[in-house]
Structure formats: structure tokens, C-alpha cells
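Text of model.cif (mmCIF, C-alpha atoms) as supplied:
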```
data_target
loop_
_atom_site.label_atom_id
_atom_site.label_comp_id
_atom_site.auth_asym_id
_atom_site.auth_seq_id
_atom_site.Cartn_x
_atom_site.Cartn_y
_atom_site.Cartn_z
CA MET A 208 0.00 0.00 0.00
CA LEU A 209 1.15 3.53 -0.78
CA THR A 210 2.25 5.96 1.90
CA ARG A 211 3.87 8.62 -0.31
CA LEU A 212 3.30 9.93 -3.84
CA SER A 213 7.03 9.43 -4.45
CA GLU A 214 6.36 5.67 -4.53
CA LEU A 215 4.25 5.95 -7.71
CA PRO A 216 7.09 5.64 -10.29
CA SER A 217 8.23 2.37 -8.73
CA ARG A 218 4.68 1.04 -8.68
CA LYS A 219 4.29 1.87 -12.38
CA ILE A 220 7.37 -0.21 -13.19
CA ASN A 221 7.18 -3.00 -10.64
CA GLY A 222 3.53 -3.13 -9.61
CA PRO A 223 1.21 -3.97 -8.06
CA LYS A 224 -1.46 -1.86 -9.70
CA ILE A 225 -2.77 1.17 -7.81
CA ALA A 226 -6.20 0.99 -6.17
CA VAL A 227 -7.98 4.33 -5.76
CA LEU A 228 -11.38 5.14 -4.26
CA THR A 229 -13.27 8.33 -3.50
CA ALA A 230 -14.16 9.65 -0.05
CA TYR A 231 -16.15 12.68 1.00
CA ASP A 232 -16.28 12.43 4.81
CA TYR A 233 -14.31 11.44 7.89
CA PRO A 234 -15.63 7.88 8.44
CA THR A 235 -15.23 6.87 4.79
CA GLY A 236 -11.71 8.28 4.61
CA ARG A 237 -10.76 6.49 7.79
CA MET A 238 -12.26 3.16 6.69
CA LEU A 239 -10.61 3.26 3.26
CA ASP A 240 -7.27 4.10 4.86
CA ASP A 241 -7.60 1.29 7.41
CA ALA A 242 -8.52 -1.14 4.61
CA GLY A 243 -5.26 -0.41 2.80
CA ILE A 244 -6.37 1.66 -0.20
CA ASP A 245 -3.44 3.19 -2.10
CA LEU A 246 -4.85 6.63 -2.88
CA ILE A 247 -7.99 8.49 -1.83
CA LEU A 248 -9.67 10.99 -4.13
CA VAL A 249 -11.93 13.68 -2.74
CA GLY A 250 -13.72 13.97 -6.06
CA ASP A 251 -16.16 16.56 -7.29
CA SER A 252 -18.44 13.55 -7.79
CA VAL A 253 -19.47 14.60 -4.27
CA GLY A 254 -21.91 16.94 -5.98
CA MET A 255 -23.91 14.05 -7.39
CA VAL A 256 -23.60 11.27 -4.78
CA VAL A 257 -23.74 13.46 -1.65
CA HIS A 258 -25.46 16.70 -2.61
CA GLY A 259 -27.88 15.31 -5.19
CA LEU A 260 -26.80 17.64 -8.00
CA PRO A 261 -27.39 16.57 -11.63
CA ASP A 262 -23.68 16.84 -12.50
CA THR A 263 -20.39 18.15 -11.09
CA THR A 264 -20.68 21.71 -12.41
CA GLY A 265 -22.55 22.87 -9.32
CA VAL A 266 -19.74 21.92 -6.94
CA THR A 267 -18.04 24.91 -5.30
CA MET A 268 -14.67 25.47 -3.68
CA GLU A 269 -16.40 25.79 -0.33
CA MET A 270 -17.83 22.28 -0.75
CA MET A 271 -14.44 20.87 -1.72
CA LEU A 272 -12.70 22.53 1.20
CA ILE A 273 -15.19 21.12 3.72
CA HIS A 274 -15.10 17.60 2.28
CA THR A 275 -11.32 17.56 1.84
CA ALA A 276 -10.73 18.65 5.42
CA SER A 277 -13.24 16.06 6.69
CA VAL A 278 -11.57 13.21 4.79
CA CYS A 279 -8.05 14.24 5.77
CA ARG A 280 -8.98 14.16 9.46
CA GLY A 281 -9.66 10.45 9.11
CA VAL A 282 -6.66 9.47 6.97
CA LYS A 283 -3.29 8.68 8.55
CA ARG A 284 -1.42 6.93 5.71
CA ALA A 285 -2.84 7.11 2.17
CA PRO A 286 -2.11 10.22 0.08
CA VAL A 287 -5.28 12.27 -0.52
CA ILE A 288 -5.95 13.90 -3.89
CA ALA A 289 -8.46 16.78 -3.98
CA ASP A 290 -10.36 17.94 -7.05
CA LEU A 291 -10.36 21.54 -8.14
CA PRO A 292 -14.04 22.11 -8.96
CA PHE A 293 -15.66 23.75 -11.97
CA GLN A 294 -14.51 27.35 -12.61
CA SER A 295 -11.99 27.30 -9.76
CA TYR A 296 -8.94 27.37 -12.07
CA ARG A 297 -9.85 29.83 -14.84
CA THR A 298 -6.42 31.47 -14.65
CA PRO A 299 -3.02 30.21 -13.46
CA GLU A 300 -3.23 32.54 -10.48
CA GLU A 301 -6.66 31.26 -9.48
CA ALA A 302 -5.51 27.67 -9.94
CA VAL A 303 -2.57 28.17 -7.57
CA PHE A 304 -4.63 30.09 -5.02
CA ASN A 305 -7.31 27.41 -4.80
CA SER A 306 -4.77 24.57 -4.90
CA LYS A 307 -3.07 26.06 -1.85
CA ARG A 308 -6.43 26.19 -0.06
CA LEU A 309 -6.97 22.47 -0.68
CA MET A 310 -3.43 21.65 0.42
CA ALA A 311 -4.03 23.61 3.62
CA CYS A 312 -6.92 21.23 4.33
CA GLY A 313 -4.47 18.32 4.32
CA ALA A 314 -4.49 17.20 0.68
CA SER A 315 -1.35 15.59 -0.74
CA ALA A 316 -2.06 16.64 -4.34
CA VAL A 317 -4.66 18.42 -6.45
CA LYS A 318 -6.37 17.43 -9.68
CA LEU A 319 -7.98 19.40 -12.49
CA GLU A 320 -9.56 18.45 -15.79
CA GLY A 321 -7.88 19.09 -19.15
CA GLY A 322 -4.61 18.72 -20.99
CA VAL A 323 -3.03 21.07 -23.52
CA ALA A 324 -5.67 23.74 -22.94
CA MET A 325 -4.86 23.79 -19.21
CA LEU A 326 -1.08 23.80 -19.45
CA PRO A 327 -0.60 27.31 -18.03
CA GLN A 328 -2.62 26.37 -14.95
CA ILE A 329 -0.92 22.96 -14.61
CA ARG A 330 2.56 24.46 -14.87
CA ALA A 331 1.71 27.18 -12.36
CA ILE A 332 0.50 24.61 -9.82
CA ILE A 333 3.59 22.45 -10.22
CA ASP A 334 5.91 25.48 -10.17
CA ALA A 335 4.31 26.42 -6.85
CA GLY A 336 5.56 23.10 -5.46
CA ILE A 337 2.14 21.44 -5.35
CA PRO A 338 1.92 17.80 -6.51
CA PHE A 339 -0.44 17.56 -9.46
CA VAL A 340 -2.69 14.83 -10.89
CA GLY A 341 -4.07 15.25 -14.40
CA HIS A 342 -7.45 14.22 -15.80
CA ILE A 343 -7.99 13.62 -19.51
CA GLY A 344 -10.52 11.87 -21.70
CA MET A 345 -14.13 12.41 -20.77
CA LEU A 346 -14.29 15.53 -18.62
CA PRO A 347 -17.36 15.62 -16.36
CA GLN A 348 -17.05 19.37 -15.81
CA SER A 349 -17.58 19.83 -19.57
CA VAL A 350 -20.73 17.68 -19.72
CA LYS A 351 -23.01 20.60 -20.58
CA GLU A 352 -20.75 21.78 -23.40
CA GLU A 353 -20.46 18.27 -24.85
CA GLY A 354 -24.11 17.36 -24.43
CA GLY A 355 -23.54 14.30 -22.27
CA TYR A 356 -20.95 11.76 -21.17
CA LYS A 357 -19.23 10.40 -24.28
CA LYS A 358 -16.51 7.78 -24.77
CA LYS A 359 -13.25 9.25 -26.06
CA GLY A 360 -10.76 7.79 -28.50
CA LYS A 361 -13.16 6.51 -31.15
CA THR A 362 -11.66 8.51 -34.05
CA SER A 363 -8.10 9.19 -35.17
CA GLU A 364 -8.61 12.87 -34.40
CA GLN A 365 -9.71 12.07 -30.84
CA ILE A 366 -6.78 9.69 -30.38
CA ASP A 367 -4.30 12.33 -31.49
CA HIS A 368 -5.90 14.84 -29.14
CA LEU A 369 -5.77 12.41 -26.19
CA ILE A 370 -2.13 11.55 -26.78
CA ALA A 371 -1.25 15.24 -27.04
CA ASP A 372 -3.07 15.92 -23.76
CA ALA A 373 -1.36 12.98 -22.04
CA ARG A 374 2.10 14.03 -23.21
CA ALA A 375 1.49 17.64 -22.15
CA VAL A 376 0.34 16.67 -18.66
CA ASP A 377 3.21 14.20 -18.32
CA GLU A 378 5.92 16.58 -19.51
CA ALA A 379 4.63 19.29 -17.19
CA GLY A 380 5.44 17.00 -14.27
CA ALA A 381 2.18 15.36 -13.17
CA VAL A 382 2.64 12.51 -10.70
CA ALA A 383 -0.39 10.69 -12.12
CA MET A 384 -3.30 11.19 -14.48
CA VAL A 385 -6.87 9.93 -14.56
CA LEU A 386 -7.96 8.46 -17.89
CA GLU A 387 -11.75 8.61 -17.92
CA SER A 388 -14.03 6.83 -20.37
CA ILE A 389 -11.34 6.24 -22.99
CA VAL A 390 -11.33 3.37 -25.50
CA PRO A 391 -9.20 0.68 -23.76
CA ASP A 392 -6.68 0.29 -26.59
CA VAL A 393 -6.02 4.02 -26.53
CA ALA A 394 -5.68 4.04 -22.73
CA THR A 395 -3.17 1.20 -23.04
CA GLN A 396 -1.18 3.21 -25.58
CA ILE A 397 -1.18 6.30 -23.38
CA THR A 398 -0.06 4.26 -20.36
CA SER A 399 2.98 3.05 -22.30
CA LEU A 400 3.87 6.56 -23.49
CA VAL A 401 3.92 8.48 -20.20
CA LYS A 402 6.07 8.38 -17.08
CA ALA A 403 3.17 9.33 -14.82
CA SER A 404 0.93 6.62 -13.38
CA THR A 405 -2.34 6.28 -15.27
CA ILE A 406 -5.50 5.73 -13.23
CA GLY A 407 -8.34 4.42 -15.33
CA ILE A 408 -12.08 4.70 -14.90
CA GLY A 409 -14.08 3.17 -17.71
CA ALA A 410 -10.84 2.89 -19.70
CA GLY A 411 -10.05 -0.82 -19.59
CA ALA A 412 -7.81 -2.86 -17.34
CA ALA A 413 -4.36 -2.03 -18.76
CA THR A 414 -3.84 1.29 -16.95
CA ASP A 415 -1.45 1.50 -13.99
CA GLY A 416 -4.39 1.63 -11.58
CA GLN A 417 -8.13 2.01 -11.25
CA VAL A 418 -10.42 4.48 -9.50
CA LEU A 419 -14.07 4.06 -8.56
CA VAL A 420 -16.65 6.23 -6.85
CA THR A 421 -17.01 4.48 -3.50
CA PRO A 422 -20.85 4.61 -3.40
CA ASP A 423 -20.80 2.70 -6.71
CA LEU A 424 -18.55 0.05 -5.16
CA LEU A 425 -20.65 -0.26 -2.01
CA GLY A 426 -24.09 -0.09 -3.60
CA SER A 427 -24.99 2.92 -1.47
CA PHE A 428 -26.22 5.04 -4.38
CA PRO A 429 -28.76 2.69 -6.03
CA TRP A 430 -30.38 5.26 -8.32
CA PHE A 431 -27.53 5.18 -10.84
CA ARG A 432 -24.39 3.12 -11.31
CA PRO A 433 -22.15 3.29 -14.40
CA PRO A 434 -21.85 0.05 -16.37
CA PHE A 435 -18.14 -0.41 -15.59
CA ALA A 436 -18.70 -0.25 -11.80
CA LYS A 437 -19.29 -3.56 -10.02
CA ALA A 438 -21.14 -3.22 -6.73
CA ARG A 439 -19.45 -5.46 -4.16
CA ALA A 440 -21.92 -4.70 -1.36
CA ASP A 441 -25.55 -3.63 -0.95
CA VAL A 442 -25.39 -0.82 1.56
CA ALA A 443 -28.64 0.69 0.27
CA GLY A 444 -30.50 -2.58 0.71
CA GLU A 445 -29.06 -3.17 4.16
CA THR A 446 -29.89 0.39 5.20
CA GLU A 447 -33.50 0.00 4.13
CA ARG A 448 -33.73 -3.33 5.95
CA ALA A 449 -32.29 -1.86 9.15
CA VAL A 450 -34.60 1.16 8.99
CA ARG A 451 -37.68 -1.00 8.47
CA GLU A 452 -36.60 -3.20 11.39
CA TYR A 453 -36.13 -0.13 13.59
CA ILE A 454 -39.53 1.25 12.61
CA ALA A 455 -41.15 -2.07 13.47
CA ASP A 456 -39.40 -2.18 16.86
CA VAL A 457 -40.48 1.38 17.71
CA ARG A 458 -44.10 0.72 16.74
CA ASN A 459 -44.30 -2.52 18.66
#
```
Mind turning the file's structure into C-alpha cells?
Amino acid sequence: MLTRLSELPSRKINGPKIAVLTAYDYPTGRMLDDAGIDLILVGDSVGMVVHGLPDTTGVTMEMMLIHTASVCRGVKRAPVIADLPFQSYRTPEEAVFNSKRLMACGASAVKLEGGVAMLPQIRAIIDAGIPFVGHIGMLPQSVKEEGGYKKKGKTSEQIDHLIADARAVDEAGAVAMVLESIVPDVATQITSLVKASTIGIGAGAATDGQVLVTPDLLGSFPWFRPPFAKARADVAGETERAVREYIADVRN
């Protein structure tokens, strides 16, 4: 299990693959850490699975600061990555300012969405001495512009764009990058081209690691689960059972 981001290059070469899950609160962060997870992501997916928003574009810096601080209070070992939310990194200066706020909450690294188009912001963050994780492929914060969640890497033009983004993020000095909803063969190619560890989600099994939204893994958000996410528990079902049992006890 990881204890420092500096261990990532060795893991990319020697294995084992990197297991990453999301957390948004103290008990989840603590349980994931105790269970031996490699990395914890305080993702802007919090907007959907905690706050009930339709997508991630409604997540604010204030939300991310509260959730990052809560998770970090429960984590003693695993590095914690915090998402920069929508419109929190419009300029390099804003990106650095908000990255520092997340780091002050206890984060080990920050993540933002985009490749070549975000290079000024990425370089500014890294130049400020803040460990950075990239995110390319399908970008949830751009869902309204793109008209939905679409698989990337289906055309030669998309493949060229993805490779350019991956190289840009890698050469800037990212310690890792999330590859989201990318055709598996393309994700495999990117993984072989970059020094940074690739963390896949809906991008096949050949990346250096995988990330899942923890409620998808636990079955605690039953209203929607992406097709690539296998629920390994039924927290929603058990919660309903326990509540019904409690109600029955109170009424009897």
C-alpha cells in the first residue's frame, strides 16, 4: 500500500497496480485508509452522490474545502488527492490560489480536468511546489458543453488529441493522471507513453491503476451506477432493511 506519492514511479514499473477510491467524509476516509487503499480521491463527484446535484458543475470550492478537510482528518497513511471544482482554475493565479487552499486542508495533491488547454494552470500549480494529478478523456465538468458523457478515442482525431493531452500533462510533471471513459486500446497506448501513473475509470484494465466512486462500489447510491462499476456490497438494501426493522421495533 502507498504511503507517499514518491512511490508511484516504482509502482508503475514493478507493480502492483494502484487501487484508488473516492471519499467525502471522515468515516469513509478512515475506513478506506484502514482497509489499505493506495490513494484516496476527494472527487467533485461529491456533488452528485452526496449533494444530489445533476452533475459536477454545481460543486463549489467551499464544498471541496469542507469535504477535503473532513476526509483528511480520518486518513493517517494514504495520500489524498483533492479535485479543483468547476470554474476554480480559470487562470493560473486562481488555480494556484485554490490549490493552496486544498493543500491547507491536508491534501497531498490536487487534480484538475484538461490537458493542452490547461497547461498554463498545470505548470503554475507544479511550479508552486504542489503535486499535481491530471485528468484527460471524458471531462465531467464539460458535460453541458459536450451534451452528455461520451466515450473518447473513437476517431483518429480524438486519439491524437488524447495523446497530445497525455504528453502535455506528463511533460509538465504530473505525478499521475486519470484516464476517464477512454477506449481501452487508446488508454493502453497512453499508459505506455507516459512516465506518470495512469489511473483508469471506464478505460479498460491495462492502466497502472483504477479508480471508482465508492458509493458505486458499495451499492450505497442505487439510483444510478455506471456500467463499468461492479457493486461489491448492498449498503442501500441493508440500510432499508435496518430502517424498516427499527420502525417495526419502535411501533411494537
Would you tabulate, counting only C-alpha atoms, all residues of stretch 213-250 of chain A that have an atom at most 10 Å from an atom of stretch 363-382 of chain A, showing the closest pair of atoms and their distance in Å to one decimal, sorted by chain then ascending number, as a tab-separated table?
```
residue	atom	partner	partner_atom	distance
A:Ser213	CA	A:Val382	CA	8.2
A:Glu214	CA	A:Val382	CA	9.9
A:Leu215	CA	A:Val382	CA	7.4
A:Pro216	CA	A:Val382	CA	8.2
```
Item checked: Using only C-alpha atoms: which of A:Arg439, A:Lys283, A:Arg448, A:Arg308 has the shortest distance to A:Glu269 -> A:Arg308
Margin query: Taking 6 positions as the minimum chain separation for residues in the same chain, which residues sit within 12 Å of A:Ser252 when counting all atoms listed in the file? Answer as a PyMOL selection string.
Written below: chain A and resi 228-231+258-267+270-271+274+289-293+346-348+419-423
Next item on the list: Could you list the residues chosen by the PyMOL selection byres ((chain A and resi 302-306) around 8) in this structure as JSON, numbers by chain?
Entry: {"A": [268, 291, 295, 296, 297, 298, 299, 300, 301, 307, 308, 309, 310, 317, 328, 331, 332, 335, 337]}
Item checked: Hits from the PyMOL selection byres ((chain A and resi 438) around 10), listed as an MDAnalysis selection string -> chainID A and resid 421:429 432 435:437 439:442
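Take atom CA of A:Ala311 and atom CA of A:Thr235: the distance between them is 20.2 Å.
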